[in-house]
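Each remark here refers to the structure printed beneath this line.
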Amino acid sequence: MPDKSDLKATLNLPATAFPMKADLARREPERLAAWEAAGLESKIRARAKDAPRGKFILHDGPPYANGKIHVGHALNKILKDSIVKSRAMEGFDSPYVPGWDCHGLPIERQVDKELGAKKREMGDLEIRRACRDYATRFIEDQGRDFRRLAVFGEWDRRYATMDFAYEAEIARCFGEFYAKGLVYKALKSVRWCSTDRTALAEAELEYSQRHDPAIYVAFPFAERQKVADIFRFHIHADALPEKNRFSAMIWTTTPWTIPSNLAIAVSEDASYSLVHATGGSDFFLVADERIAAVAGQLGWAGFKKQGDSVKGSRLVGLAYRHPLGEKSRGAIAPAASAFRIVATDYVTLDTGTGLVHTAPGHGEDDFRTGQREGFPVLSPVDDAGRFTSQVEKYAGKKVLEANPLIVEDLRQAGALAGEDKHFHHEYPHCWRCQQPVIFRATEQWFVDLERSGANIREKASEAIKRVQWIPSWGEERIAGMVENRHEWCISRQRRWGSPITVLSCAKPGCSGQYPPPDSTALPFFANVSALFRREGGDAWFDPGHPASEFVPSGAACPRCGSAEFAKETDILDVWFDSGVSHEAVLHHGDWPELRRGEYPAADLYVEGHDQHRGWFQSSLLTSVALESSAPFRAVLTHGFVVDGAGKKMSKSLGNVIAPQDLVAKDGADIVRLWVLGIDYREDQPLSPEIIARTSDAYRKIRNTARYCLSNLFDFDPGENLVPDGELLPLDRWALSRIEELCRKVRAAFERYEFHSAVHALHHYCVVEMSSFYLDVLKDRLYASAPDSALRRSAQTVLYRAARVVACLAAPIISFTAEEIYEALPGKREESVHLERFSSLGGASLSEPDEKAWDRLLALREEATKILEEKRQERVIGSSLEAALSLSPAPALAADRARTGFDGNAFADFFIVSAIDDSGAADSGFESAAYPGLRIHFRKAAGAKCARCWKYAAEAAEGGLCARCSAVLEQLGVQAR
Ligand SMILES: [Zn+2]
Ligand SMILES: [Zn+2]
Ligand SMILES: [Zn+2]
């Protein structure tokens with residue numbers, strides 16, 4: 001017999017250059033460089049030319065180009081990348097053009113900070129240049145980080161809302177809105193940030209807790225007798241002493257708006273009464289439903305209703321006196337006929353008094369009421385949130401700081417019925433500076449969402465129903481938000497943005513505009529758009545392009561006939577800019593591969609669930625207005641990343657995990673595996689422990705692939721691949737598992753359920769391969785003759801398994817998938833990312849075969865348990881020291897016949913040295929897999945084969961089992 005080392009040399013032991021240690025942080029950048037050098041991304045695009053399944057357009061929502069990317073950005077881009085990659089491998093032409101949102105306040109503020117005092121000496125163009133440079137810097141920085149995550153796309157042809165061509169498209173789209181008569185300028189109550197001195201959109205508000213004084217104010221009725229009559233008061237009013245006042249009681253958390261009060265609103269259908277506190281002298285008008293609550297709040301010992309209860313409708317028109325003196329409130333013309341009770345439909349009876357203080361200059365509902373009732377828009381507050389000289393007493397004071405003064409003045413006037421100095425409530429704050437916002441009336445530009453004929457809101461509501469929302473609750477959410485929108489304030493009083501390209505009459509006091517708001521305006525905007533394409537939106541701010549350049553000679557102001565115009569200085573809401581990306585990029589952009597020529601222009605939008613009120617909505621509204629359709633067929637939303645304890649990540653809490661750090665330490669594939677392994681629809685925690693668990697899962701997949709590869713060192717699929725029909729029974733089963741894996745993962749990709757794909761892949765590697773199939777295969781792979789059918793059959797499955805794992809993992813762990821693919825023997829594509837899923841797959845078993853295998857595997861589990869017990873008891877060391885005797889069972893015999901399991905292979909299936917059916921039927925372990933079958937353990941007879949360690953009778957004499965002797969003979973190795 002050859003000595004031990006010679007024997008070992010006759011085994012086909014695994015060998016591979018595929019490293020055990022991933023070392024991703026070091027290897028990934030090399031791989032990126034190699035992909036770049038090979039022009040992989042262009043090759044993927046070239047491959048798409050013969051994509052059998054047509055276009056799939058995922059339109060990138062542009063992240064804001066300020067600051068480094070955070071882990072939320074990484075999650076968003078990895079999800080998108082995985083969708084794009086899996087769709088491409090599924091046979092779609094799936095281009096991806098990343099974009100950036102560049103205009104707007106966050107960058108302008110940042111640039112303000114960097115420029116400091118210098119900014120005051122700079123012109124608009126210089127400031128815009130600085131903002132453009134800033135955005136460019138972060139487009140590059142973020143782009144680098146996204147590419148490092150193996151996010152494939154047209155990075156050198158990315159879009160940016162500040163590109164000249166894009167700015168030209170914004171101007172064109174705005175022009176279309178304008179020419180359709182959808183844009184108007186008006187004085188309106190809008191949310192205003194006094195710090196940033198600009199109007200804010202709903203999407204730019206953040207709600208957080210704030211303390212404010214909440215006060216009850218009594219507005220005395222002007223004519224007591226009239227009130228007494230309505231309530232059929234039992235005492236004649238004249239008989240009451242003068243000190244017994246009749247007042248309308250309101251409740252407010254914004255005392256600073258009291259100087260601008262012009263009316264008090266009631267609900268027509270609610271019933272109201274005059275109440276009188278025990279020991280008090282005044283009669284207060286309060287809604288019946290609120291009396292008890294108000295009495296409690298004001299600490300009344302008791303109270304009494306006086307007279308009847310009457311419906312709100314009977315109170316309409318009653319006049320009251322403003323409790324503050326003329327110096328403490330804004331002056332209005334007497335003709336305004338203010339200070340009276342009005343009826344509205346927004347009075348609720350769950351807080352307050354059932355009477356609502358109404359200041360048309362400082363609230364959305366108030367404004368609408370004021371318009372209806374013909375009140376002036378009293379809003380004596382400037383850009384910086386300070387009272388103007390219109391209110392003499394508080395002039396120059398910041399409104400929120402004036403609150404205590406006003407409360408005090410109300411007290412002096414005897415109008416303060418009650419005060420809670422620290423009322424806790426949710427209050428809107430500016431998304432950028434976190435300062436509380438106020439309502440203020442200003443001249444703004446609006447898109448009319450309700451204009452008859454256009455009916456944008458109604459059409460949007462209809463369009464929402466035709467979109468697939470994933471998860472489905474998104475539909476209700478966006479529908480509710482659109483339902484409540486009347487108009488869209490599209491102007492901002494800043495400099496870094498797309499200009500509102502309209503001219504206004506230069507004559508002081510004239511509100512004339514040019515061009516007229518109808519289809520004759522289109523050539524004007526076409527001109528502006530062409531200019532922007534050449535010079536960018538900057539051209540509008542350039543004194544070198546005066547207003548006269550945009551007006552044909554002879555054109556005059558439609559109001560006053562003057563020929564002098566000035567360029568509008570407001571810029572557009574950034575949500576308008578990004579909202580028209582379907583036009584600027586998909587429909588009219590310079591990306592032919594994205595152009596579908598019809599709407600919906602995109603198959604899918606993918607963003608965080610905060611975008612229902614942001615980008616999804618602005619995109620929907622512009623698309624409905626311009627194309628009468630939603631821009632997307634489906635919208636997928638994901639949650640946010642929080643820390644391990646579920647808290648929001650923030651610098652101040654010190655719990656931020658930066659994607660750059662993860663990539664540098666653990667590698668991008670670990671970040672990708674984490675993102676794609678979680679249920680992204682919910683907010684998801686991220687912590688070092690979670691990353692450690694992810695790395696663990698990663699290693700399992702890697703090791704399984706590595707084991708497959710390490711047994712393919714002498715396998716050439718071109719030569720050695722065994723046809724499906726000639727595979728050994730167990731290998732045919734393994735082939736059915738490959739088929740099942742492909743089916744599951746592809747279905748998961750199809751439904752964007754990446755965590756199911758990751759789970760299926762992990763389960764396949766760990767459960768089906770590592771802990772069963774590969775274990776059983778070892779003897780056949782190592783000890784069979786190298787070129788034997790036994791070994792080639794196993795290798796065929798390993799080859800196919802490794803290839804399947806590489807391809808299915810390509811949209812997930814894109815670096816590692818390539819590494820596995822590259823290590824495959826034989827012919828292959830240049831990159832795994834050029835593969836198509838349709839080339840994968842195994843072969844399914846028939847259903848009866850499948851059932852037979854399920855029973856056999858269950859039997860194996862039972863036997864394994866017995867062997868494990870014997871090992872624990874130290875009866876055996878390795879399971880090869882064991883043999884099994886089964887009692888004769890017809891069902892088992894049938895399953896073995898069906899699956900084709902012969903004697904040796906059946907013993908190998910259990911990893912024992914021998915198996916027979918001579919076991920007694922009245923003792924031993926009772927099988928549940930085969931009712932009636934008994935399993936008997938015994939120690940294997942014979943001696944341990946020196947080569948394969950199986951026990952065999954022959955080995956007792958020659959040292960080797962019959963199989964090993966035969967193999968050695970075949971190999972020409974001389975047995976002694
Ligand atoms: Zn602000
Ligand atoms: Zn004019
Ligand atoms: Zn042997």
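Ordering of the structure tokens sets the chain letters (A, B, ...); residue numbers start at 1 within each chain; ligands are numbered from 1 in the order shown.
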Hey, which bits of chain A sit within 6 Å of ligand 1, and for each residue what's the closest pair of atoms and how far apart in Å (one decimal), counting only C-alpha atoms and all ligand atoms, rows by chain and increasing number, as CSV?
```
residue,atom,partner,partner_atom_place_in_ligand_line,distance
A:Cys193,CA,ligand 1,1 (Zn),4.7
A:Thr195,CA,ligand 1,1 (Zn),5.1
A:Asp196,CA,ligand 1,1 (Zn),4.4
A:Cys430,CA,ligand 1,1 (Zn),4.5
A:Arg432,CA,ligand 1,1 (Zn),5.2
A:Cys433,CA,ligand 1,1 (Zn),4.1
A:Gln435,CA,ligand 1,1 (Zn),5.8
```
Written file, previous selection with all heavy atoms, as a PDB file, in the first residue's frame:
```pdb
ATOM      1  N   CYS A 193     -40.939  82.180   6.320  1.00  0.00           N
ATOM      2  CA  CYS A 193     -39.810  82.081   7.255  1.00  0.00           C
ATOM      3  C   CYS A 193     -39.171  83.447   7.360  1.00  0.00           C
ATOM      4  O   CYS A 193     -38.667  83.981   6.372  1.00  0.00           O
ATOM      5  CB  CYS A 193     -38.773  81.055   6.796  1.00  0.00           C
ATOM      6  SG  CYS A 193     -37.318  81.096   7.884  1.00  0.00           S
ATOM      7  N   THR A 195     -36.558  84.252   9.053  1.00  0.00           N
ATOM      8  CA  THR A 195     -35.095  84.177   9.060  1.00  0.00           C
ATOM      9  C   THR A 195     -34.582  84.118   7.627  1.00  0.00           C
ATOM     10  O   THR A 195     -33.666  84.842   7.250  1.00  0.00           O
ATOM     11  CB  THR A 195     -34.634  82.918   9.828  1.00  0.00           C
ATOM     12  OG1 THR A 195     -35.388  82.821  11.021  1.00  0.00           O
ATOM     13  CG2 THR A 195     -33.160  82.991  10.138  1.00  0.00           C
ATOM     14  N   ASP A 196     -35.186  83.226   6.844  1.00  0.00           N
ATOM     15  CA  ASP A 196     -34.752  83.092   5.451  1.00  0.00           C
ATOM     16  C   ASP A 196     -35.498  84.062   4.534  1.00  0.00           C
ATOM     17  O   ASP A 196     -35.184  84.153   3.349  1.00  0.00           O
ATOM     18  CB  ASP A 196     -34.959  81.652   4.982  1.00  0.00           C
ATOM     19  CG  ASP A 196     -34.014  80.700   5.698  1.00  0.00           C
ATOM     20  OD1 ASP A 196     -32.825  81.041   5.765  1.00  0.00           O
ATOM     21  OD2 ASP A 196     -34.457  79.663   6.196  1.00  0.00           O
ATOM     22  N   CYS A 430     -39.463  76.043   9.851  1.00  0.00           N
ATOM     23  CA  CYS A 430     -38.770  76.040   8.556  1.00  0.00           C
ATOM     24  C   CYS A 430     -37.842  74.836   8.485  1.00  0.00           C
ATOM     25  O   CYS A 430     -37.115  74.540   9.418  1.00  0.00           O
ATOM     26  CB  CYS A 430     -37.968  77.331   8.425  1.00  0.00           C
ATOM     27  SG  CYS A 430     -36.844  77.374   7.028  1.00  0.00           S
ATOM     28  N   ARG A 432     -35.210  74.422   6.969  1.00  0.00           N
ATOM     29  CA  ARG A 432     -33.790  74.731   6.873  1.00  0.00           C
ATOM     30  C   ARG A 432     -33.231  75.333   8.139  1.00  0.00           C
ATOM     31  O   ARG A 432     -32.191  74.944   8.622  1.00  0.00           O
ATOM     32  CB  ARG A 432     -33.543  75.687   5.695  1.00  0.00           C
ATOM     33  CG  ARG A 432     -33.468  74.969   4.407  1.00  0.00           C
ATOM     34  CD  ARG A 432     -32.270  74.025   4.421  1.00  0.00           C
ATOM     35  NE  ARG A 432     -32.679  72.693   3.995  1.00  0.00           N
ATOM     36  CZ  ARG A 432     -31.941  71.609   4.170  1.00  0.00           C
ATOM     37  NH1 ARG A 432     -30.783  71.681   4.787  1.00  0.00           N
ATOM     38  NH2 ARG A 432     -32.372  70.451   3.763  1.00  0.00           N
ATOM     39  N   CYS A 433     -33.929  76.333   8.664  1.00  0.00           N
ATOM     40  CA  CYS A 433     -33.350  77.037   9.808  1.00  0.00           C
ATOM     41  C   CYS A 433     -34.026  76.621  11.111  1.00  0.00           C
ATOM     42  O   CYS A 433     -33.633  77.067  12.171  1.00  0.00           O
ATOM     43  CB  CYS A 433     -33.424  78.546   9.603  1.00  0.00           C
ATOM     44  SG  CYS A 433     -35.101  79.183   9.612  1.00  0.00           S
ATOM     45  N   GLN A 435     -36.558  77.537  12.478  1.00  0.00           N
ATOM     46  CA  GLN A 435     -37.262  78.606  13.181  1.00  0.00           C
ATOM     47  C   GLN A 435     -38.763  78.474  12.906  1.00  0.00           C
ATOM     48  O   GLN A 435     -39.157  77.984  11.854  1.00  0.00           O
ATOM     49  CB  GLN A 435     -36.766  79.974  12.696  1.00  0.00           C
ATOM     50  CG  GLN A 435     -35.314  80.255  13.037  1.00  0.00           C
ATOM     51  CD  GLN A 435     -35.050  80.201  14.528  1.00  0.00           C
ATOM     52  OE1 GLN A 435     -35.745  80.852  15.307  1.00  0.00           O
ATOM     53  NE2 GLN A 435     -34.087  79.386  14.932  1.00  0.00           N
TER      54      GLN A 435
END
```
- Pull the alpha helix (DSSP H) assignments for range 766-863 of chain A out of DSSP run on the backbone, and list those residues as a VMD selection string. chain A and resid 774 to 783 789 to 809 814 to 822 847 to 863
- Item | Contact residues around Ala530 in chain A with only C-alpha atoms at 12 Å, ignoring same-chain residues under 5 positions, as a PyMOL selection string | chain A and resi 164-172+523-525+535-537+539+550
Please, could you write that set of residues out with all heavy atoms as a tab-separated table (two decimals), in the first residue's frame?
```tsv
chain	number	residue	atom	x	y	z
A	164	PHE	N	-27.86	74.16	-18.03
A	164	PHE	CA	-28.52	75.17	-18.89
A	164	PHE	C	-29.74	74.56	-19.58
A	164	PHE	O	-30.80	75.16	-19.65
A	164	PHE	CB	-27.54	75.70	-19.95
A	164	PHE	CG	-26.47	76.59	-19.37
A	164	PHE	CD1	-26.41	76.86	-18.00
A	164	PHE	CD2	-25.52	77.18	-20.20
A	164	PHE	CE1	-25.42	77.68	-17.47
A	164	PHE	CE2	-24.53	78.00	-19.68
A	164	PHE	CZ	-24.48	78.25	-18.32
A	165	ALA	N	-29.55	73.36	-20.12
A	165	ALA	CA	-30.65	72.72	-20.86
A	165	ALA	C	-31.84	72.48	-19.93
A	165	ALA	O	-33.00	72.63	-20.34
A	165	ALA	CB	-30.18	71.41	-21.48
A	166	TYR	N	-31.53	72.10	-18.70
A	166	TYR	CA	-32.61	71.85	-17.74
A	166	TYR	C	-33.31	73.17	-17.38
A	166	TYR	O	-34.53	73.25	-17.34
A	166	TYR	CB	-32.06	71.15	-16.49
A	166	TYR	CG	-33.13	70.49	-15.64
A	166	TYR	CD1	-33.19	69.11	-15.48
A	166	TYR	CD2	-34.09	71.25	-14.97
A	166	TYR	CE1	-34.17	68.50	-14.71
A	166	TYR	CE2	-35.06	70.66	-14.19
A	166	TYR	CZ	-35.10	69.28	-14.06
A	166	TYR	OH	-36.08	68.69	-13.29
A	167	GLU	N	-32.51	74.22	-17.15
A	167	GLU	CA	-33.10	75.52	-16.81
A	167	GLU	C	-33.97	76.02	-17.97
A	167	GLU	O	-35.01	76.64	-17.75
A	167	GLU	CB	-32.00	76.53	-16.47
A	167	GLU	CG	-31.37	76.24	-15.11
A	167	GLU	CD	-30.29	77.24	-14.70
A	167	GLU	OE1	-29.63	77.82	-15.59
A	167	GLU	OE2	-30.09	77.43	-13.49
A	168	ALA	N	-33.53	75.71	-19.18
A	168	ALA	CA	-34.33	76.08	-20.35
A	168	ALA	C	-35.67	75.34	-20.34
A	168	ALA	O	-36.72	75.91	-20.67
A	168	ALA	CB	-33.57	75.76	-21.63
A	169	GLU	N	-35.64	74.08	-19.93
A	169	GLU	CA	-36.87	73.27	-19.86
A	169	GLU	C	-37.80	73.78	-18.75
A	169	GLU	O	-39.03	73.78	-18.91
A	169	GLU	CB	-36.52	71.80	-19.59
A	169	GLU	CG	-36.26	71.01	-20.86
A	169	GLU	CD	-37.50	70.94	-21.73
A	169	GLU	OE1	-38.55	70.46	-21.25
A	169	GLU	OE2	-37.46	71.38	-22.89
A	170	ILE	N	-37.22	74.21	-17.64
A	170	ILE	CA	-38.05	74.78	-16.56
A	170	ILE	C	-38.79	76.00	-17.10
A	170	ILE	O	-40.01	76.15	-16.90
A	170	ILE	CB	-37.19	75.17	-15.34
A	170	ILE	CG1	-36.52	73.94	-14.71
A	170	ILE	CG2	-38.04	75.91	-14.30
A	170	ILE	CD1	-35.49	74.28	-13.64
A	171	ALA	N	-38.06	76.85	-17.81
A	171	ALA	CA	-38.68	78.07	-18.35
A	171	ALA	C	-39.77	77.70	-19.36
A	171	ALA	O	-40.84	78.32	-19.40
A	171	ALA	CB	-37.62	78.96	-19.00
A	172	ARG	N	-39.51	76.67	-20.17
A	172	ARG	CA	-40.52	76.25	-21.15
A	172	ARG	C	-41.78	75.74	-20.44
A	172	ARG	O	-42.90	76.10	-20.78
A	172	ARG	CB	-39.96	75.16	-22.06
A	172	ARG	CG	-40.94	74.75	-23.17
A	172	ARG	CD	-40.45	73.55	-23.96
A	172	ARG	NE	-40.36	72.32	-23.19
A	172	ARG	CZ	-41.40	71.56	-22.84
A	172	ARG	NH1	-42.62	71.91	-23.22
A	172	ARG	NH2	-41.25	70.48	-22.12
A	523	PRO	N	-44.53	82.09	-27.80
A	523	PRO	CA	-43.27	82.50	-28.45
A	523	PRO	C	-42.33	83.23	-27.48
A	523	PRO	O	-41.11	83.06	-27.55
A	523	PRO	CB	-43.74	83.44	-29.57
A	523	PRO	CG	-45.17	83.07	-29.81
A	523	PRO	CD	-45.71	82.60	-28.49
A	524	PHE	N	-42.92	84.02	-26.58
A	524	PHE	CA	-42.11	84.72	-25.57
A	524	PHE	C	-41.29	83.71	-24.76
A	524	PHE	O	-40.08	83.85	-24.60
A	524	PHE	CB	-43.04	85.52	-24.65
A	524	PHE	CG	-42.37	86.12	-23.44
A	524	PHE	CD1	-41.80	87.39	-23.49
A	524	PHE	CD2	-42.30	85.41	-22.24
A	524	PHE	CE1	-41.19	87.95	-22.38
A	524	PHE	CE2	-41.69	85.96	-21.13
A	524	PHE	CZ	-41.13	87.24	-21.20
A	525	PHE	N	-41.97	82.67	-24.30
A	525	PHE	CA	-41.26	81.68	-23.46
A	525	PHE	C	-40.30	80.83	-24.29
A	525	PHE	O	-39.27	80.40	-23.80
A	525	PHE	CB	-42.27	80.82	-22.70
A	525	PHE	CG	-42.99	81.58	-21.64
A	525	PHE	CD1	-44.30	82.00	-21.80
A	525	PHE	CD2	-42.32	81.95	-20.47
A	525	PHE	CE1	-44.96	82.73	-20.82
A	525	PHE	CE2	-42.97	82.68	-19.48
A	525	PHE	CZ	-44.29	83.07	-19.66
A	535	GLU	N	-27.26	80.27	-22.30
A	535	GLU	CA	-26.56	80.99	-21.23
A	535	GLU	C	-27.02	80.61	-19.83
A	535	GLU	O	-26.50	81.12	-18.84
A	535	GLU	CB	-26.74	82.50	-21.42
A	535	GLU	CG	-26.15	83.02	-22.72
A	535	GLU	CD	-26.36	84.52	-22.89
A	535	GLU	OE1	-26.58	85.23	-21.89
A	535	GLU	OE2	-26.31	84.97	-24.05
A	536	GLY	N	-28.02	79.76	-19.74
A	536	GLY	CA	-28.52	79.38	-18.42
A	536	GLY	C	-29.49	80.42	-17.88
A	536	GLY	O	-29.67	81.50	-18.47
A	537	GLY	N	-30.11	80.10	-16.76
A	537	GLY	CA	-31.06	81.01	-16.11
A	537	GLY	C	-30.40	82.31	-15.68
A	537	GLY	O	-31.08	83.32	-15.45
A	539	ALA	N	-29.04	84.33	-17.40
A	539	ALA	CA	-29.32	85.37	-18.39
A	539	ALA	C	-30.41	86.33	-17.90
A	539	ALA	O	-30.37	87.52	-18.18
A	539	ALA	CB	-29.73	84.74	-19.72
A	550	PHE	N	-36.83	91.24	-24.37
A	550	PHE	CA	-37.81	90.16	-24.43
A	550	PHE	C	-39.17	90.60	-25.00
A	550	PHE	O	-40.07	89.81	-25.15
A	550	PHE	CB	-38.02	89.55	-23.04
A	550	PHE	CG	-36.75	89.00	-22.43
A	550	PHE	CD1	-35.94	89.78	-21.60
A	550	PHE	CD2	-36.33	87.71	-22.73
A	550	PHE	CE1	-34.77	89.28	-21.06
A	550	PHE	CE2	-35.16	87.20	-22.19
A	550	PHE	CZ	-34.37	87.99	-21.36
```
Find the residues of chain A that sit at most 7 Å from ligand 2; for each, write down the nearest two atoms and how far apart they are in Å, to one decimal. Count only C-alpha atoms and all ligand atoms. Sort by chain, then by number going up, and give it as JSON lines.
```
{"residue": "A:Cys505", "atom": "CA", "partner": "ligand 2", "partner_atom_place_in_ligand_line": "1 (Zn)", "distance": 4.4}
{"residue": "A:Ala506", "atom": "CA", "partner": "ligand 2", "partner_atom_place_in_ligand_line": "1 (Zn)", "distance": 6.7}
{"residue": "A:Lys507", "atom": "CA", "partner": "ligand 2", "partner_atom_place_in_ligand_line": "1 (Zn)", "distance": 5.5}
{"residue": "A:Cys510", "atom": "CA", "partner": "ligand 2", "partner_atom_place_in_ligand_line": "1 (Zn)", "distance": 4.6}
{"residue": "A:Ser511", "atom": "CA", "partner": "ligand 2", "partner_atom_place_in_ligand_line": "1 (Zn)", "distance": 6.1}
{"residue": "A:Gly512", "atom": "CA", "partner": "ligand 2", "partner_atom_place_in_ligand_line": "1 (Zn)", "distance": 4.5}
{"residue": "A:Cys557", "atom": "CA", "partner": "ligand 2", "partner_atom_place_in_ligand_line": "1 (Zn)", "distance": 4.6}
{"residue": "A:Pro558", "atom": "CA", "partner": "ligand 2", "partner_atom_place_in_ligand_line": "1 (Zn)", "distance": 6.5}
{"residue": "A:Arg559", "atom": "CA", "partner": "ligand 2", "partner_atom_place_in_ligand_line": "1 (Zn)", "distance": 4.8}
{"residue": "A:Cys560", "atom": "CA", "partner": "ligand 2", "partner_atom_place_in_ligand_line": "1 (Zn)", "distance": 4.1}
{"residue": "A:Gly561", "atom": "CA", "partner": "ligand 2", "partner_atom_place_in_ligand_line": "1 (Zn)", "distance": 5.9}
{"residue": "A:Ser562", "atom": "CA", "partner": "ligand 2", "partner_atom_place_in_ligand_line": "1 (Zn)", "distance": 5.4}
```
- Task: Fewer than 6 positions away in the same chain doesn't count, so skip those; otherwise give me all residues within 9 Å of range 629-645 of chain A, counting only C-alpha atoms, as a ChimeraX atom specification.
- Result: /A:59,71-72,75-76,459-460,463-464,466-471,474,582-583,599-612,616,619-623,655-657,679-690,752
- Message: Using only C-alpha atoms, which protein or nucleic acid residues come within 10 Å of Ser247 in chain A? Drop anything in the same chain fewer than 4 positions from it, and give the result as a ChimeraX atom specification.
- Response: /A:217-222,224,227,274-275,282-286,320-321,415
Prev. selection, N, CA and C atoms, output as a compact mmCIF listing (two decimals), in the first residue's frame:
```txt
# COMPACT_ATOMS: atom_id res chain seq x y z
N VAL A 217 -59.84 85.50 24.58
CA VAL A 217 -60.06 86.93 24.44
C VAL A 217 -61.55 87.20 24.26
N ALA A 218 -62.03 88.20 24.99
CA ALA A 218 -63.45 88.58 24.89
C ALA A 218 -63.56 89.82 24.01
N PHE A 219 -64.27 89.68 22.90
CA PHE A 219 -64.51 90.82 22.01
C PHE A 219 -65.92 91.33 22.31
N PRO A 220 -66.03 92.53 22.90
CA PRO A 220 -67.35 93.01 23.32
C PRO A 220 -68.27 93.32 22.13
N PHE A 221 -69.51 92.87 22.21
CA PHE A 221 -70.46 93.18 21.15
C PHE A 221 -70.79 94.66 21.17
N ALA A 222 -71.01 95.20 19.98
CA ALA A 222 -71.24 96.63 19.87
C ALA A 222 -72.65 97.01 20.35
N ARG A 224 -75.63 95.73 22.61
CA ARG A 224 -76.10 94.76 23.60
C ARG A 224 -77.55 94.34 23.37
N VAL A 227 -78.10 91.65 20.79
CA VAL A 227 -77.68 90.33 21.27
C VAL A 227 -78.73 89.79 22.25
N LEU A 274 -75.13 82.36 25.67
CA LEU A 274 -74.43 83.35 26.50
C LEU A 274 -74.28 82.73 27.88
N VAL A 275 -73.05 82.68 28.37
CA VAL A 275 -72.85 82.12 29.71
C VAL A 275 -72.26 83.16 30.63
N ASP A 282 -69.60 89.49 33.33
CA ASP A 282 -69.75 89.48 31.87
C ASP A 282 -70.53 88.28 31.36
N PHE A 283 -71.14 88.48 30.20
CA PHE A 283 -71.82 87.38 29.51
C PHE A 283 -70.99 87.03 28.27
N PHE A 284 -70.55 85.76 28.22
CA PHE A 284 -69.69 85.36 27.10
C PHE A 284 -70.44 84.47 26.14
N LEU A 285 -70.22 84.75 24.85
CA LEU A 285 -70.80 83.90 23.81
C LEU A 285 -69.84 82.72 23.55
N VAL A 286 -70.34 81.50 23.74
CA VAL A 286 -69.53 80.29 23.57
C VAL A 286 -70.42 79.21 22.95
N TYR A 320 -68.93 93.69 16.64
CA TYR A 320 -68.23 93.77 17.93
C TYR A 320 -67.19 94.88 17.84
N ARG A 321 -66.60 95.23 18.97
CA ARG A 321 -65.55 96.25 18.99
C ARG A 321 -64.21 95.59 19.22
N ALA A 415 -59.95 92.62 28.25
CA ALA A 415 -60.44 91.65 27.26
C ALA A 415 -59.81 90.27 27.42
```
- Task: Using only C-alpha atoms and all ligand atoms, determine which residues fall within 8 Å of ligand 3, then list them as a VMD selection string.
- Result: chain A and resid 783 944 to 952 955 960 to 965
- Message: So that I can see what lies close to Phe423 in chain A, please list as a list in words the residues with an atom at most 7 Å from it, counting only C-alpha atoms and leaving out residues fewer than 6 positions away in the same chain.
- Response: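 My reading of the contact set: His211, Asp212, Pro213 and Ala214 of chain A.
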Residues just named, written with N, CA and C atoms as a PDB file, in the first residue's frame:
```pdb
ATOM      1  N   HIS A 211     -43.836  75.948  22.725  1.00  0.00           N
ATOM      2  CA  HIS A 211     -44.680  76.571  23.751  1.00  0.00           C
ATOM      3  C   HIS A 211     -45.113  77.930  23.241  1.00  0.00           C
ATOM      4  N   ASP A 212     -46.379  78.234  23.393  1.00  0.00           N
ATOM      5  CA  ASP A 212     -46.862  79.570  23.068  1.00  0.00           C
ATOM      6  C   ASP A 212     -47.892  79.956  24.105  1.00  0.00           C
ATOM      7  N   PRO A 213     -48.116  81.272  24.258  1.00  0.00           N
ATOM      8  CA  PRO A 213     -49.219  81.653  25.133  1.00  0.00           C
ATOM      9  C   PRO A 213     -50.541  81.330  24.437  1.00  0.00           C
ATOM     10  N   ALA A 214     -51.431  80.640  25.133  1.00  0.00           N
ATOM     11  CA  ALA A 214     -52.771  80.409  24.594  1.00  0.00           C
ATOM     12  C   ALA A 214     -53.699  81.303  25.399  1.00  0.00           C
TER      13      ALA A 214
END
```
- Query: Pick the closest to Ser770 in chain A from A:Ala338, A:Met649, A:Cys708, A:Ala292: which is it, counting only C-alpha atoms?
  - Reply: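 The answer is A:Cys708, which sits nearest to Ser770 in chain A.
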- Task: Looking only at strand (DSSP E or B) from DSSP on the backbone, list the matching residues of range 729-888 of chain A as number ranges by chain.
- Result: A: 882-886
- Message: Can you pull out the residues contacting range 885-889 of chain A? Cut-off 6 Å, using only C-alpha atoms, and skip same-chain residues under 5 positions away; I want them as a PyMOL selection string.
- Response: chain A and resi 915-921+933-936
- Using only C-alpha atoms, which of the listed residues (A:Asp112, A:Glu419, A:Asp908, A:Asp409) sits closest to Ile250 in chain A?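 The answer is A:Glu419, which sits nearest to Ile250 in chain A.
Atom pair CA of Asp6 in chain A / CA of Leu712 in chain A has a distance of 22.0 Å (rounded to one decimal).
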